[in-house]
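Engineer: My file is protein_5.tsv. It has TSV, C-alpha atoms and all ligand atoms:
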```tsv
chain	number	residue	atom	x	y	z
U	449	MET	CA	0.00	0.00	0.00
U	450	VAL	CA	1.06	3.56	-0.74
U	451	GLY	CA	-0.68	6.15	1.47
U	452	GLY	CA	-3.33	5.25	4.02
U	453	GLY	CA	-1.20	6.15	7.04
U	454	GLU	CA	-2.20	7.35	10.50
U	455	GLY	CA	-5.41	9.43	10.35
U	456	ALA	CA	-5.95	8.86	6.62
U	457	TYR	CA	-9.41	7.91	5.42
U	458	ILE	CA	-9.59	5.51	2.50
U	459	GLY	CA	-6.47	3.44	3.19
U	460	GLY	CA	-8.21	1.84	6.17
U	461	ILE	CA	-11.22	0.93	4.04
U	462	HIS	CA	-8.89	-0.70	1.49
U	463	ARG	CA	-7.29	-2.71	4.28
U	464	TYR	CA	-10.64	-3.97	5.66
U	465	ALA	CA	-11.97	-4.72	2.18
U	466	SER	CA	-8.85	-6.54	1.00
U	467	ARG	CA	-8.92	-8.83	4.03
U	468	LEU	CA	-12.60	-9.76	3.92
U	469	ASP	CA	-12.25	-12.74	1.59
U	470	ASP	CA	-8.71	-13.90	2.46
U	471	GLN	CA	-7.42	-13.06	-1.00
U	472	TYR	CA	-4.80	-10.53	0.07
U	473	GLU	CA	-2.17	-10.10	2.72
U	474	LEU	CA	-0.74	-6.68	3.49
U	475	VAL	CA	3.03	-7.20	3.54
U	476	ALA	CA	4.64	-3.88	2.61
U	477	GLY	CA	3.87	-0.18	2.51
U	478	ALA	CA	4.94	3.42	2.17
U	479	PHE	CA	2.06	4.70	4.20
U	480	ASP	CA	2.68	8.38	4.66
U	481	ILE	CA	4.07	11.47	2.98
U	482	SER	CA	6.35	11.64	6.02
U	483	ALA	CA	8.86	8.78	5.78
U	484	GLU	CA	9.22	8.65	9.55
U	485	LYS	CA	5.47	8.55	10.24
U	486	GLY	CA	4.93	5.96	7.51
U	487	ARG	CA	7.56	3.63	8.94
U	488	ALA	CA	6.19	4.07	12.45
U	489	PHE	CA	2.64	3.31	11.28
U	490	ALA	CA	3.54	0.07	9.46
U	491	GLY	CA	3.78	-2.05	12.60
U	492	SER	CA	0.25	-1.10	13.64
U	493	VAL	CA	-1.13	-2.80	10.52
U	494	GLY	CA	1.11	-5.85	10.76
U	495	VAL	CA	3.81	-4.85	8.27
U	496	ALA	CA	7.35	-5.94	9.18
U	497	SER	CA	9.87	-3.15	9.72
U	498	ASN	CA	12.08	-4.33	6.81
U	499	ARG	CA	9.15	-3.79	4.44
U	500	ALA	CA	8.05	-0.46	5.94
U	501	TYR	CA	9.31	2.03	3.39
U	502	GLY	CA	9.86	5.78	3.56
U	503	SER	CA	8.52	6.48	0.06
U	504	TYR	CA	6.99	4.74	-2.95
U	505	LEU	CA	10.37	4.89	-4.71
U	506	GLU	CA	11.96	3.07	-1.77
U	507	LEU	CA	9.12	0.56	-1.90
U	508	ILE	CA	9.75	-0.13	-5.58
U	509	GLU	CA	13.49	-0.53	-5.04
U	510	GLY	CA	13.06	-2.71	-1.96
U	511	GLU	CA	10.33	-4.94	-3.36
U	512	ARG	CA	11.65	-5.53	-6.86
U	513	ALA	CA	14.84	-6.95	-5.33
U	514	ARG	CA	12.94	-9.60	-3.33
U	515	ALA	CA	12.05	-13.09	-4.51
U	516	ASP	CA	8.74	-12.78	-2.63
U	517	LYS	CA	7.98	-9.25	-3.87
U	518	VAL	CA	4.46	-7.83	-3.56
U	519	ASP	CA	2.01	-8.84	-6.29
U	520	ILE	CA	-0.08	-5.68	-6.30
U	521	VAL	CA	0.10	-2.19	-4.82
U	522	SER	CA	-2.89	-0.10	-3.72
U	523	ILE	CA	-2.51	3.66	-4.20
U	524	CYS	CA	-4.48	5.49	-1.49
U	525	THR	CA	-2.89	8.94	-1.70
U	526	PRO	CA	-4.31	12.36	-2.69
U	527	ASN	CA	-5.22	12.80	-6.36
U	528	HIS	CA	-2.14	14.61	-7.69
U	529	THR	CA	0.17	11.80	-6.61
U	530	HIS	CA	-1.72	8.97	-8.35
U	531	PHE	CA	-0.07	9.47	-11.73
U	532	PRO	CA	3.61	9.54	-10.74
U	533	ILE	CA	3.15	6.68	-8.27
U	534	ALA	CA	1.09	4.55	-10.68
U	535	LYS	CA	3.48	5.18	-13.57
U	536	ALA	CA	6.57	4.26	-11.54
U	537	LEU	CA	4.92	1.08	-10.23
U	538	ILE	CA	3.72	-0.08	-13.65
U	539	GLU	CA	7.12	0.67	-15.19
U	540	ALA	CA	8.61	-1.54	-12.47
U	541	GLY	CA	6.17	-4.31	-13.45
U	542	PHE	CA	3.68	-4.14	-10.57
U	543	ASP	CA	-0.08	-4.56	-10.88
U	544	ILE	CA	-1.91	-1.73	-9.15
U	545	ILE	CA	-5.19	-0.67	-7.60
U	546	CYS	CA	-5.55	3.09	-7.92
U	547	GLU	CA	-7.95	5.44	-6.17
U	548	LYS	CA	-10.20	7.73	-8.18
U	549	PRO	CA	-9.93	10.16	-9.87
U	550	MET	CA	-7.20	8.15	-11.61
U	551	THR	CA	-5.20	11.32	-12.40
U	552	THR	CA	-5.65	15.09	-12.17
U	553	THR	CA	-5.23	15.78	-15.91
U	554	LEU	CA	-6.67	14.18	-19.00
U	555	GLU	CA	-3.22	13.98	-20.54
U	556	ASP	CA	-1.97	11.89	-17.62
U	557	ALA	CA	-5.08	9.68	-17.71
U	558	VAL	CA	-4.53	8.95	-21.41
U	559	SER	CA	-0.89	8.20	-20.77
U	560	LEU	CA	-1.63	5.89	-17.81
U	561	HIS	CA	-4.29	4.04	-19.76
U	562	GLN	CA	-1.83	3.51	-22.62
U	563	LEU	CA	0.84	2.37	-20.20
U	564	ALA	CA	-1.57	-0.13	-18.64
U	565	ARG	CA	-2.31	-1.55	-22.08
U	566	SER	CA	1.24	-1.70	-23.33
U	567	SER	CA	2.67	-3.16	-20.11
U	568	GLY	CA	-0.03	-5.76	-19.54
U	569	CYS	CA	-0.11	-4.73	-15.87
U	570	PHE	CA	-3.47	-4.82	-14.17
U	571	VAL	CA	-4.90	-1.43	-13.17
U	572	GLY	CA	-8.04	-1.50	-11.03
U	573	VAL	CA	-9.71	1.81	-10.19
U	574	THR	CA	-11.84	1.92	-7.04
U	575	TYR	CA	-15.23	3.10	-8.23
U	576	THR	CA	-16.61	1.79	-4.97
U	577	TYR	CA	-20.31	1.85	-5.73
U	578	SER	CA	-20.04	-0.54	-8.64
U	579	GLY	CA	-19.16	-3.18	-6.05
U	580	TYR	CA	-22.70	-3.37	-4.63
U	581	PRO	CA	-24.68	-6.51	-5.58
U	582	LEU	CA	-27.88	-4.57	-6.30
U	583	VAL	CA	-26.03	-2.12	-8.53
U	584	HIS	CA	-25.06	-5.16	-10.62
U	585	GLU	CA	-28.67	-6.31	-10.40
U	586	ALA	CA	-29.88	-2.94	-11.71
U	587	ARG	CA	-27.35	-3.10	-14.55
U	588	ALA	CA	-28.53	-6.61	-15.44
U	589	LEU	CA	-32.21	-5.56	-15.40
U	590	VAL	CA	-31.55	-2.59	-17.68
U	591	ALA	CA	-29.52	-4.79	-20.05
U	592	GLN	CA	-32.36	-7.38	-20.12
U	593	GLY	CA	-34.79	-4.64	-21.18
U	594	VAL	CA	-36.89	-4.93	-18.02
U	595	ILE	CA	-37.48	-1.17	-17.90
U	596	GLY	CA	-37.54	-0.83	-21.69
U	597	THR	CA	-35.69	1.92	-23.49
U	598	VAL	CA	-34.01	4.24	-21.02
U	599	ARG	CA	-35.34	7.78	-21.21
U	600	VAL	CA	-34.10	9.57	-18.11
U	601	VAL	CA	-31.14	9.09	-15.74
U	602	GLN	CA	-31.09	11.06	-12.48
U	603	VAL	CA	-28.04	10.67	-10.30
U	604	GLU	CA	-27.03	12.68	-7.27
U	605	TYR	CA	-24.22	12.62	-4.75
U	606	PRO	CA	-24.82	15.18	-2.01
U	607	LEU	CA	-22.56	15.42	1.04
U	608	GLU	CA	-22.63	17.83	3.95
U	609	TRP	CA	-19.13	17.58	5.39
U	610	MET	CA	-17.61	20.57	3.55
U	611	ALA	CA	-20.54	22.97	4.11
U	612	THR	CA	-18.19	25.23	6.09
U	613	ALA	CA	-14.52	26.08	5.52
U	614	ILE	CA	-13.20	23.09	7.46
U	615	GLU	CA	-10.06	23.16	5.31
U	616	ALA	CA	-9.06	26.34	7.14
U	617	ALA	CA	-9.64	24.68	10.50
U	618	GLY	CA	-7.14	21.87	10.06
U	619	ASN	CA	-9.16	19.16	8.28
U	620	THR	CA	-6.45	17.53	6.16
U	621	GLN	CA	-8.86	15.70	3.86
U	622	ALA	CA	-10.71	18.93	3.01
U	623	GLU	CA	-7.44	20.82	2.73
U	624	TRP	CA	-6.03	18.94	-0.27
U	625	ARG	CA	-9.50	18.51	-1.81
U	626	THR	CA	-9.89	22.31	-2.08
U	627	ASP	CA	-6.44	22.86	-3.60
U	628	PRO	CA	-6.47	22.67	-7.42
U	629	LYS	CA	-2.81	21.62	-7.45
U	630	ARG	CA	-3.62	18.50	-5.46
U	631	SER	CA	-7.26	17.86	-6.28
U	632	GLY	CA	-7.26	18.65	-10.01
U	633	ARG	CA	-9.62	20.91	-11.96
U	634	GLY	CA	-12.73	19.55	-10.29
U	635	GLY	CA	-13.83	20.11	-6.70
U	636	SER	CA	-17.06	18.27	-5.87
U	637	ILE	CA	-17.28	17.07	-9.47
U	638	GLY	CA	-13.84	15.42	-9.35
U	639	ASP	CA	-14.21	14.08	-5.83
U	640	ILE	CA	-17.74	12.62	-5.92
U	641	GLY	CA	-19.29	13.64	-9.26
U	642	THR	CA	-16.91	11.13	-10.83
U	643	HIS	CA	-18.53	8.36	-8.72
U	644	ALA	CA	-22.01	9.51	-9.76
U	645	TYR	CA	-21.03	9.61	-13.43
U	646	HIS	CA	-19.53	6.11	-13.23
U	647	LEU	CA	-22.57	4.68	-11.43
U	648	ALA	CA	-25.01	6.15	-13.97
U	649	ALA	CA	-22.98	4.89	-16.92
U	650	PHE	CA	-22.43	1.48	-15.31
U	651	VAL	CA	-26.11	0.82	-14.63
U	652	SER	CA	-27.65	2.46	-17.69
U	653	GLY	CA	-25.07	1.13	-20.13
U	654	LEU	CA	-25.50	4.43	-21.98
U	655	LYS	CA	-22.75	6.33	-23.70
U	656	LEU	CA	-22.57	10.05	-23.09
U	657	ASP	CA	-22.93	12.27	-26.12
U	658	ALA	CA	-22.77	15.78	-24.63
U	659	LEU	CA	-22.96	17.63	-21.34
U	660	CYS	CA	-23.62	21.13	-20.05
U	661	ALA	CA	-22.46	22.14	-16.57
U	662	ASP	CA	-23.18	24.79	-13.97
U	663	LEU	CA	-20.59	24.84	-11.19
U	664	ALA	CA	-20.75	26.86	-7.99
U	665	THR	CA	-18.41	27.64	-5.13
U	666	PHE	CA	-20.51	28.49	-2.10
U	667	VAL	CA	-17.94	28.54	0.67
U	668	PRO	CA	-15.87	31.74	0.49
U	669	GLY	CA	-12.15	31.30	-0.07
U	670	ARG	CA	-12.44	28.19	-2.23
U	671	SER	CA	-11.21	28.14	-5.80
U	672	LEU	CA	-12.84	24.84	-6.85
U	673	ASP	CA	-16.52	24.00	-7.18
U	674	ASP	CA	-18.25	22.66	-4.10
U	675	ASN	CA	-21.53	22.11	-5.97
U	676	ALA	CA	-22.19	20.99	-9.54
U	677	HIS	CA	-25.22	20.47	-11.74
U	678	VAL	CA	-24.63	18.75	-15.05
U	679	MET	CA	-27.19	18.11	-17.79
U	680	LEU	CA	-26.42	14.98	-19.78
U	681	ARG	CA	-27.41	13.90	-23.27
U	682	TYR	CA	-26.82	10.27	-24.08
U	683	GLU	CA	-26.42	8.64	-27.46
U	684	GLY	CA	-29.83	7.39	-28.57
U	685	GLY	CA	-31.68	10.33	-27.03
U	686	ALA	CA	-31.85	9.62	-23.29
U	687	ARG	CA	-31.40	12.60	-21.00
U	688	GLY	CA	-29.75	12.82	-17.61
U	689	LEU	CA	-29.08	15.13	-14.70
U	690	LEU	CA	-26.18	14.81	-12.27
U	691	TRP	CA	-25.83	16.72	-9.00
U	692	SER	CA	-22.71	16.54	-6.86
U	693	SER	CA	-22.36	18.64	-3.75
U	694	GLN	CA	-19.98	18.86	-0.82
U	695	VAL	CA	-22.13	21.52	0.86
U	696	ALA	CA	-25.52	19.76	0.92
U	697	VAL	CA	-26.54	20.15	4.54
U	698	GLY	CA	-28.49	17.14	5.79
U	699	HIS	CA	-26.87	14.60	3.50
U	700	SER	CA	-24.28	12.18	4.86
U	701	ASN	CA	-23.48	10.04	1.84
U	702	GLY	CA	-26.54	10.55	-0.31
U	703	LEU	CA	-25.54	8.84	-3.55
U	704	ARG	CA	-28.79	7.95	-5.32
U	705	LEU	CA	-29.67	6.77	-8.81
U	706	ARG	CA	-33.02	6.70	-10.60
U	707	ILE	CA	-33.39	5.36	-14.12
U	708	THR	CA	-36.64	5.65	-16.03
U	709	GLY	CA	-37.43	3.71	-19.17
U	710	ASP	CA	-40.54	3.41	-21.29
U	711	LYS	CA	-41.64	0.23	-19.47
U	712	GLY	CA	-40.58	0.93	-15.91
U	713	SER	CA	-38.08	2.51	-13.57
U	714	LEU	CA	-35.38	1.57	-11.08
U	715	ALA	CA	-34.23	3.42	-7.97
U	716	TRP	CA	-31.27	2.66	-5.70
U	717	ALA	CA	-29.72	4.62	-2.83
U	718	GLN	CA	-26.32	3.98	-1.29
U	719	GLU	CA	-27.60	4.49	2.25
U	720	GLN	CA	-30.11	1.60	1.79
U	721	PRO	CA	-28.01	-0.58	-0.48
U	722	ASN	CA	-29.79	-3.86	0.27
U	723	GLU	CA	-32.91	-2.78	-1.62
U	724	LEU	CA	-33.58	-1.87	-5.22
U	725	LEU	CA	-36.95	-0.47	-6.23
U	726	HIS	CA	-38.44	-1.61	-9.52
U	727	THR	CA	-41.67	0.02	-10.67
U	728	PRO	CA	-43.19	-1.41	-13.87
U	729	LEU	CA	-45.34	0.98	-15.91
U	730	GLY	CA	-48.80	1.31	-14.36
U	731	ARG	CA	-48.07	-1.16	-11.55
U	732	ALA	CA	-47.15	-1.02	-7.88
U	733	PRO	CA	-43.44	-0.79	-7.00
U	734	ALA	CA	-41.65	-4.03	-6.14
U	735	THR	CA	-38.65	-4.15	-3.81
U	736	ILE	CA	-35.81	-6.39	-4.91
U	737	LYS	CA	-33.81	-7.55	-1.89
U	738	ARG	CA	-30.15	-8.43	-1.82
U	739	GLY	CA	-29.55	-12.08	-1.00
U	740	ARG	CA	-32.88	-13.46	-2.21
U	741	ASP	CA	-32.96	-16.22	-4.79
U	742	ASP	CA	-34.51	-14.26	-7.61
U	743	VAL	CA	-31.52	-11.97	-8.28
U	744	SER	CA	-29.07	-12.32	-11.15
U	745	ASP	CA	-25.79	-14.24	-10.95
U	746	ALA	CA	-23.90	-10.94	-11.09
U	747	ALA	CA	-25.59	-9.92	-7.81
U	748	ARG	CA	-25.37	-13.39	-6.26
U	749	VAL	CA	-21.58	-13.74	-6.62
U	750	ARG	CA	-21.19	-10.41	-4.81
U	751	THR	CA	-23.30	-11.46	-1.83
U	752	ARG	CA	-21.97	-13.05	1.36
U	753	THR	CA	-24.77	-13.09	3.91
U	754	PRO	CA	-28.42	-14.25	3.67
U	755	PRO	CA	-31.16	-11.63	3.20
U	756	GLY	CA	-31.99	-9.75	6.37
U	757	HIS	CA	-28.35	-9.56	7.46
U	758	PRO	CA	-27.38	-6.22	5.95
U	759	GLU	CA	-24.28	-5.83	3.82
U	760	GLY	CA	-22.83	-2.46	3.02
U	761	TYR	CA	-19.89	-0.30	2.08
U	762	ILE	CA	-17.03	-2.56	3.21
U	763	GLU	CA	-18.56	-5.56	1.44
U	764	ALA	CA	-19.01	-3.53	-1.75
U	765	PHE	CA	-15.39	-2.43	-1.56
U	766	ALA	CA	-14.37	-6.05	-0.90
U	767	ASN	CA	-16.24	-7.09	-4.04
U	768	LEU	CA	-13.96	-4.81	-6.04
U	769	TYR	CA	-10.93	-6.33	-4.35
U	770	GLY	CA	-12.32	-9.81	-5.06
U	771	GLY	CA	-12.91	-8.88	-8.70
U	772	PHE	CA	-9.38	-7.51	-9.07
U	773	ALA	CA	-7.94	-10.70	-7.53
U	774	GLU	CA	-10.00	-12.85	-9.90
U	775	ALA	CA	-8.86	-10.83	-12.94
U	776	ILE	CA	-5.22	-11.25	-11.95
U	777	ARG	CA	-5.56	-14.98	-11.16
U	778	ALA	CA	-7.24	-15.54	-14.54
U	779	ARG	CA	-4.34	-13.80	-16.26
U	780	LEU	CA	-1.78	-15.87	-14.31
U	781	ASP	CA	-3.65	-19.12	-15.01
U	782	ASN	CA	-4.29	-18.14	-18.63
U	783	ARG	CA	-8.03	-18.81	-18.31
U	784	GLN	CA	-11.29	-16.93	-18.72
U	785	VAL	CA	-12.20	-14.46	-16.00
U	786	GLY	CA	-14.88	-15.77	-13.63
U	787	PRO	CA	-18.06	-13.82	-12.81
U	788	LEU	CA	-16.58	-11.81	-9.91
U	789	GLY	CA	-13.84	-10.47	-12.18
U	790	ARG	CA	-16.26	-9.26	-14.85
U	791	ASP	CA	-17.55	-5.69	-15.09
U	792	ILE	CA	-14.92	-4.35	-12.74
U	793	PRO	CA	-13.57	-0.79	-12.96
U	794	VAL	CA	-10.19	-0.69	-14.71
U	795	ALA	CA	-7.87	1.88	-16.31
U	796	TYR	CA	-10.29	2.71	-19.11
U	797	ASP	CA	-12.99	3.55	-16.55
U	798	GLY	CA	-10.43	5.72	-14.78
U	799	LEU	CA	-9.71	7.51	-18.05
U	800	LYS	CA	-13.42	8.04	-18.75
U	801	GLY	CA	-13.92	9.46	-15.25
U	802	VAL	CA	-11.13	12.00	-15.72
U	803	ALA	CA	-12.43	12.89	-19.21
U	804	PHE	CA	-15.88	13.49	-17.73
U	805	VAL	CA	-14.55	15.87	-15.06
U	806	ASP	CA	-12.45	17.69	-17.65
U	807	ALA	CA	-15.45	18.17	-19.94
U	808	VAL	CA	-17.60	19.44	-17.06
U	809	VAL	CA	-15.05	22.10	-16.14
U	810	ASP	CA	-14.55	23.01	-19.83
U	811	SER	CA	-18.30	23.43	-20.27
U	812	PHE	CA	-18.62	25.72	-17.26
U	813	GLU	CA	-15.53	27.80	-18.06
U	814	ARG	CA	-16.85	28.44	-21.58
U	815	GLY	CA	-20.14	29.79	-20.19
U	816	SER	CA	-22.07	26.58	-19.49
U	817	VAL	CA	-22.10	25.50	-23.12
U	818	TRP	CA	-22.76	21.98	-24.42
U	819	VAL	CA	-19.52	20.02	-24.72
U	820	LYS	CA	-18.85	16.68	-26.36
U	821	PRO	CA	-16.56	14.81	-23.96
U	822	GLU	CA	-13.71	12.69	-25.27
U	823	PHE	CA	-13.46	8.98	-24.46
U	824	VAL	CA	-16.66	8.66	-22.35
O	901	LIG	P1	-6.19	11.38	3.24
O	901	LIG	O1	-5.67	12.77	3.20
O	901	LIG	O2	-7.06	10.95	4.36
O	901	LIG	O3	-4.98	10.33	3.19
O	901	LIG	C1	-3.92	10.45	2.30
O	901	LIG	C2	-2.76	9.59	2.80
O	901	LIG	O4	-1.76	9.55	1.77
O	901	LIG	C3	-2.06	10.14	4.04
O	901	LIG	O5	-1.69	9.07	4.88
O	901	LIG	C4	-0.80	10.81	3.48
O	901	LIG	O6	0.27	10.91	4.41
O	901	LIG	C5	-0.49	9.85	2.36
O	901	LIG	N1	0.38	10.38	1.31
O	901	LIG	C6	0.28	11.56	0.65
O	901	LIG	N2	1.23	11.66	-0.30
O	901	LIG	C7	1.93	10.50	-0.23
O	901	LIG	C8	3.05	10.00	-0.94
O	901	LIG	N3	3.62	10.69	-1.92
O	901	LIG	N4	3.52	8.78	-0.60
O	901	LIG	C9	2.96	8.05	0.39
O	901	LIG	N5	1.89	8.48	1.10
O	901	LIG	C10	1.41	9.70	0.78
O	901	LIG	O7	-6.94	11.17	1.86
O	901	LIG	P2	-8.20	10.23	1.56
O	901	LIG	O8	-9.45	10.93	1.92
O	901	LIG	O9	-7.96	8.89	2.14
O	901	LIG	O10	-8.14	10.17	-0.03
O	901	LIG	C11	-7.10	9.49	-0.70
O	901	LIG	C12	-7.55	9.14	-2.11
O	901	LIG	O11	-8.68	8.27	-2.04
O	901	LIG	C13	-8.00	10.33	-2.94
O	901	LIG	O12	-7.59	10.16	-4.27
O	901	LIG	C14	-9.52	10.29	-2.86
O	901	LIG	O13	-10.16	10.86	-3.98
O	901	LIG	C15	-9.77	8.80	-2.78
O	901	LIG	N6	-11.01	8.43	-2.08
O	901	LIG	C16	-11.79	7.48	-2.66
O	901	LIG	C17	-12.95	7.07	-2.06
O	901	LIG	C18	-13.78	5.98	-2.69
O	901	LIG	O14	-14.94	5.81	-2.37
O	901	LIG	N7	-13.24	5.21	-3.60
O	901	LIG	C19	-13.35	7.64	-0.84
O	901	LIG	C20	-12.50	8.59	-0.25
O	901	LIG	C21	-11.33	8.97	-0.88
```
With the file now loaded, output its structure as structure tokens.
Structural biologist:
Amino acid sequence: MVGGGEGAYIGGIHRYASRLDDQYELVAGAFDISAEKGRAFAGSVGVASNRAYGSYLELIEGERARADKVDIVSICTPNHTHFPIAKALIEAGFDIICEKPMTTTLEDAVSLHQLARSSGCFVGVTYTYSGYPLVHEARALVAQGVIGTVRVVQVEYPLEWMATAIEAAGNTQAEWRTDPKRSGRGGSIGDIGTHAYHLAAFVSGLKLDALCADLATFVPGRSLDDNAHVMLRYEGGARGLLWSSQVAVGHSNGLRLRITGDKGSLAWAQEQPNELLHTPLGRAPATIKRGRDDVSDAARVRTRTPPGHPEGYIEAFANLYGGFAEAIRARLDNRQVGPLGRDIPVAYDGLKGVAFVDAVVDSFERGSVWVKPEFV
């Protein structure tokens, strides 16, 4: 692991998720921007002192010299560091799992995607919400035509935690997220809008044709958006609306998706992830429950506990880790990827996410005009 040291947020989630199914063992790390703190932290997560490195460059040097070198490295650092760390690791022959947004510039995203292809290294990108079983169920239902032709996609990701200038009061997570040099061109849109975009595309299966964005910065002193509205036009005529906000008072982690077709609609919310609402045209809504027998294989392979025993965020994250492990094992065994390793977020999804953010900011900076994004 690179990043995820003392007091960091997502590194801990990666550690829980990677351990859930006994597919990974954490054996080495450069956990902190401070070499000293990173080395000191390693012992607390079971990493031996001779594999506790002061930087990712030290990690690469130390590990590549070992017969039992690490198989895969998770990058859990702030956005601007993803590209140099990922590039150096791939060039040294390591498979990687990279946090989103994959890079802070489109140029770097294109370059990393190309490097992933030319090297043959595995690059997983942690679009967390595509790990939920009922998100896969929704995707399967749309693909089977259960809601007919998709007409409207509504996706929102409102959060409250940055409703005041907490970056000025010592919150380290908010501090780098509000700095364009470390966050990238997008504020809320790069941090969480990218999740919403990925979720909508993943479930609907639709390809974006054009977008038009209105960004706002409500908290004084910020230079990046903390609220974004984006109108979406999909190929084939469907329309969409995406809202991301870091200042939405009252919302803890309010990621929510509604997809309406000509025969029915689907609704799913991250805070109640064990239920998916399906409403056929003219009929009463039906609740699809995670863990019951009538769900698709794609949902079933991502389920651990029987219905009624809730699964959530860590399990969804673990499903990504399980999928990444399966993809790598299939490559090593020269066989077809099993169901858990299918439809997992990889470098191309990372590239599309960065291209989306770039197009949103372009649209707004040009006066909220319609823009045709590249790659998405
Ligand atoms: P954080 O500030 O809590 O933690 C960052 C960690 O990286 C710290 O331990 C820091 O010391 C370390 N670090 C920084 N530069 C480093 C370097 N060069 N080498 C080694 N360690 C370094 O940040 P966070 O909130 O955990 O976010 C980290 C990344 O995860 C971001 O890219 C963010 O967008 C992403 N994230 C993803 C999700 C998700 O749902 N997938 C959720 C939260 C954050």
Engineer: With distances taken over all atoms listed in the file, which of U:Tyr605, U:Tyr645, U:Trp818, U:Phe765 is nearest to ligand LIG 901 (chain O)?
Structural biologist: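 With all atoms listed in the file as the atom set, the closest residue is U:Phe765.
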Engineer: What are the closest atom pairs, with distances in Å to one decimal, for all residues of stretch 452-542 of chain U lying within 9 Å of stretch 549-558 of chain U? Consider all atoms listed in the file, order rows by chain and residue number, and present the result as JSON lines.
Structural biologist:
```
{"residue": "U:Asn527", "atom": "CA", "partner": "U:Thr551", "partner_atom": "CA", "distance": 6.2}
{"residue": "U:His528", "atom": "CA", "partner": "U:Thr552", "partner_atom": "CA", "distance": 5.7}
{"residue": "U:Thr529", "atom": "CA", "partner": "U:Thr551", "partner_atom": "CA", "distance": 7.9}
{"residue": "U:His530", "atom": "CA", "partner": "U:Thr551", "partner_atom": "CA", "distance": 5.8}
{"residue": "U:Phe531", "atom": "CA", "partner": "U:Thr551", "partner_atom": "CA", "distance": 5.5}
```
Engineer: Between U:Leu654, U:Asp469, U:Pro526, U:Glu506, which has the minimum distance to U:Gly452 (counting all atoms listed in the file)?
Structural biologist: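 The shortest atom-to-atom distance to U:Gly452 comes from U:Pro526.
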Engineer: Which residues are close to stretch 750-755 of chain U, i.e. within 8 Å by only C-alpha atoms, leaving aside same-chain residues fewer than 3 positions away? Reply as an MDAnalysis selection string.
Structural biologist: chainID U and resid 579:581 737:740 746:747 758:759 764 767 788
Engineer: Write out as a Markdown table a residue-level contact list of chain U versus ligand LIG 901 (chain O) with cut-off 7 Å: for each qualifying residue the closest pair of atoms and the distance in Å to one decimal, counting only C-alpha atoms and all ligand atoms, rows sorted by chain and residue number upward.
Structural biologist:
```
| residue | atom | partner | partner_atom | distance |
| --- | --- | --- | --- | --- |
| U:Val450 | CA | O:LIG901 | C9 | 5.0 |
| U:Gly451 | CA | O:LIG901 | N5 | 3.5 |
| U:Gly452 | CA | O:LIG901 | O5 | 4.2 |
| U:Gly453 | CA | O:LIG901 | O5 | 3.7 |
| U:Glu454 | CA | O:LIG901 | O5 | 5.9 |
| U:Gly455 | CA | O:LIG901 | O2 | 6.4 |
| U:Ala456 | CA | O:LIG901 | O2 | 3.3 |
| U:Tyr457 | CA | O:LIG901 | O9 | 3.7 |
| U:Ile458 | CA | O:LIG901 | O9 | 3.8 |
| U:Gly459 | CA | O:LIG901 | O9 | 5.7 |
| U:Ala478 | CA | O:LIG901 | C9 | 5.3 |
| U:Phe479 | CA | O:LIG901 | N5 | 4.9 |
| U:Asp480 | CA | O:LIG901 | O6 | 3.5 |
| U:Ile481 | CA | O:LIG901 | C10 | 3.9 |
| U:Ser482 | CA | O:LIG901 | O6 | 6.3 |
| U:Ser503 | CA | O:LIG901 | N4 | 5.5 |
| U:Tyr504 | CA | O:LIG901 | N4 | 5.8 |
| U:Cys524 | CA | O:LIG901 | C12 | 4.8 |
| U:Thr525 | CA | O:LIG901 | O4 | 3.7 |
| U:Pro526 | CA | O:LIG901 | C13 | 4.2 |
| U:Asn527 | CA | O:LIG901 | O12 | 4.1 |
| U:Thr529 | CA | O:LIG901 | N3 | 5.9 |
| U:Glu547 | CA | O:LIG901 | O11 | 5.1 |
| U:Lys548 | CA | O:LIG901 | O13 | 5.2 |
| U:Pro549 | CA | O:LIG901 | O13 | 5.9 |
| U:Thr574 | CA | O:LIG901 | N7 | 5.0 |
| U:Tyr575 | CA | O:LIG901 | N7 | 5.5 |
| U:Thr576 | CA | O:LIG901 | N7 | 5.0 |
| U:Thr620 | CA | O:LIG901 | O1 | 5.7 |
| U:Gln621 | CA | O:LIG901 | O1 | 4.4 |
| U:Asp639 | CA | O:LIG901 | O13 | 5.5 |
```
Engineer: What does the distance from atom CA of U:Ala613 to atom CA of U:Val667 come to in Å, to one decimal?
Structural biologist: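 We find that atom CA of U:Ala613 and atom CA of U:Val667 lie 6.4 Å from each other.
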Engineer: For atom CA of U:Phe804 and atom CA of U:Glu723, determine how far apart the two atoms are, in Å to one decimal place.
Structural biologist: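 The value is 28.5 Å.
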Engineer: Between U:Gly486, U:Gly502, U:Gly593, U:Gly634, single out the one closest to U:Phe812, counting all atoms listed in the file.
Structural biologist: U:Gly634
Engineer: Counting all atoms listed in the file, what is within 7 Å of stretch 539-546 of chain U, bar same-chain residues fewer than 6 positions away, as a PyMOL selection string?
Structural biologist: chain U and resi 519-524+569-574
Engineer: Separation of atom CA of U:Ala488 and atom CA of U:Ala500, in Å?
Structural biologist: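 These two atoms are separated by 8.1 Å.
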Engineer: Extract, using only C-alpha atoms, all DNA, RNA and protein residues at most 8 Å from U:Met679, discarding same-chain residues fewer than 4 positions from it, and format them as a VMD selection string.
Structural biologist: chain U and resid 659 to 661 687 to 690
Engineer: Find, counting all atoms listed in the file, the residue in U:Trp716, U:Val651, U:Ser578, U:Gly618 that gets nearest to U:Ile792.
Structural biologist: U:Ser578
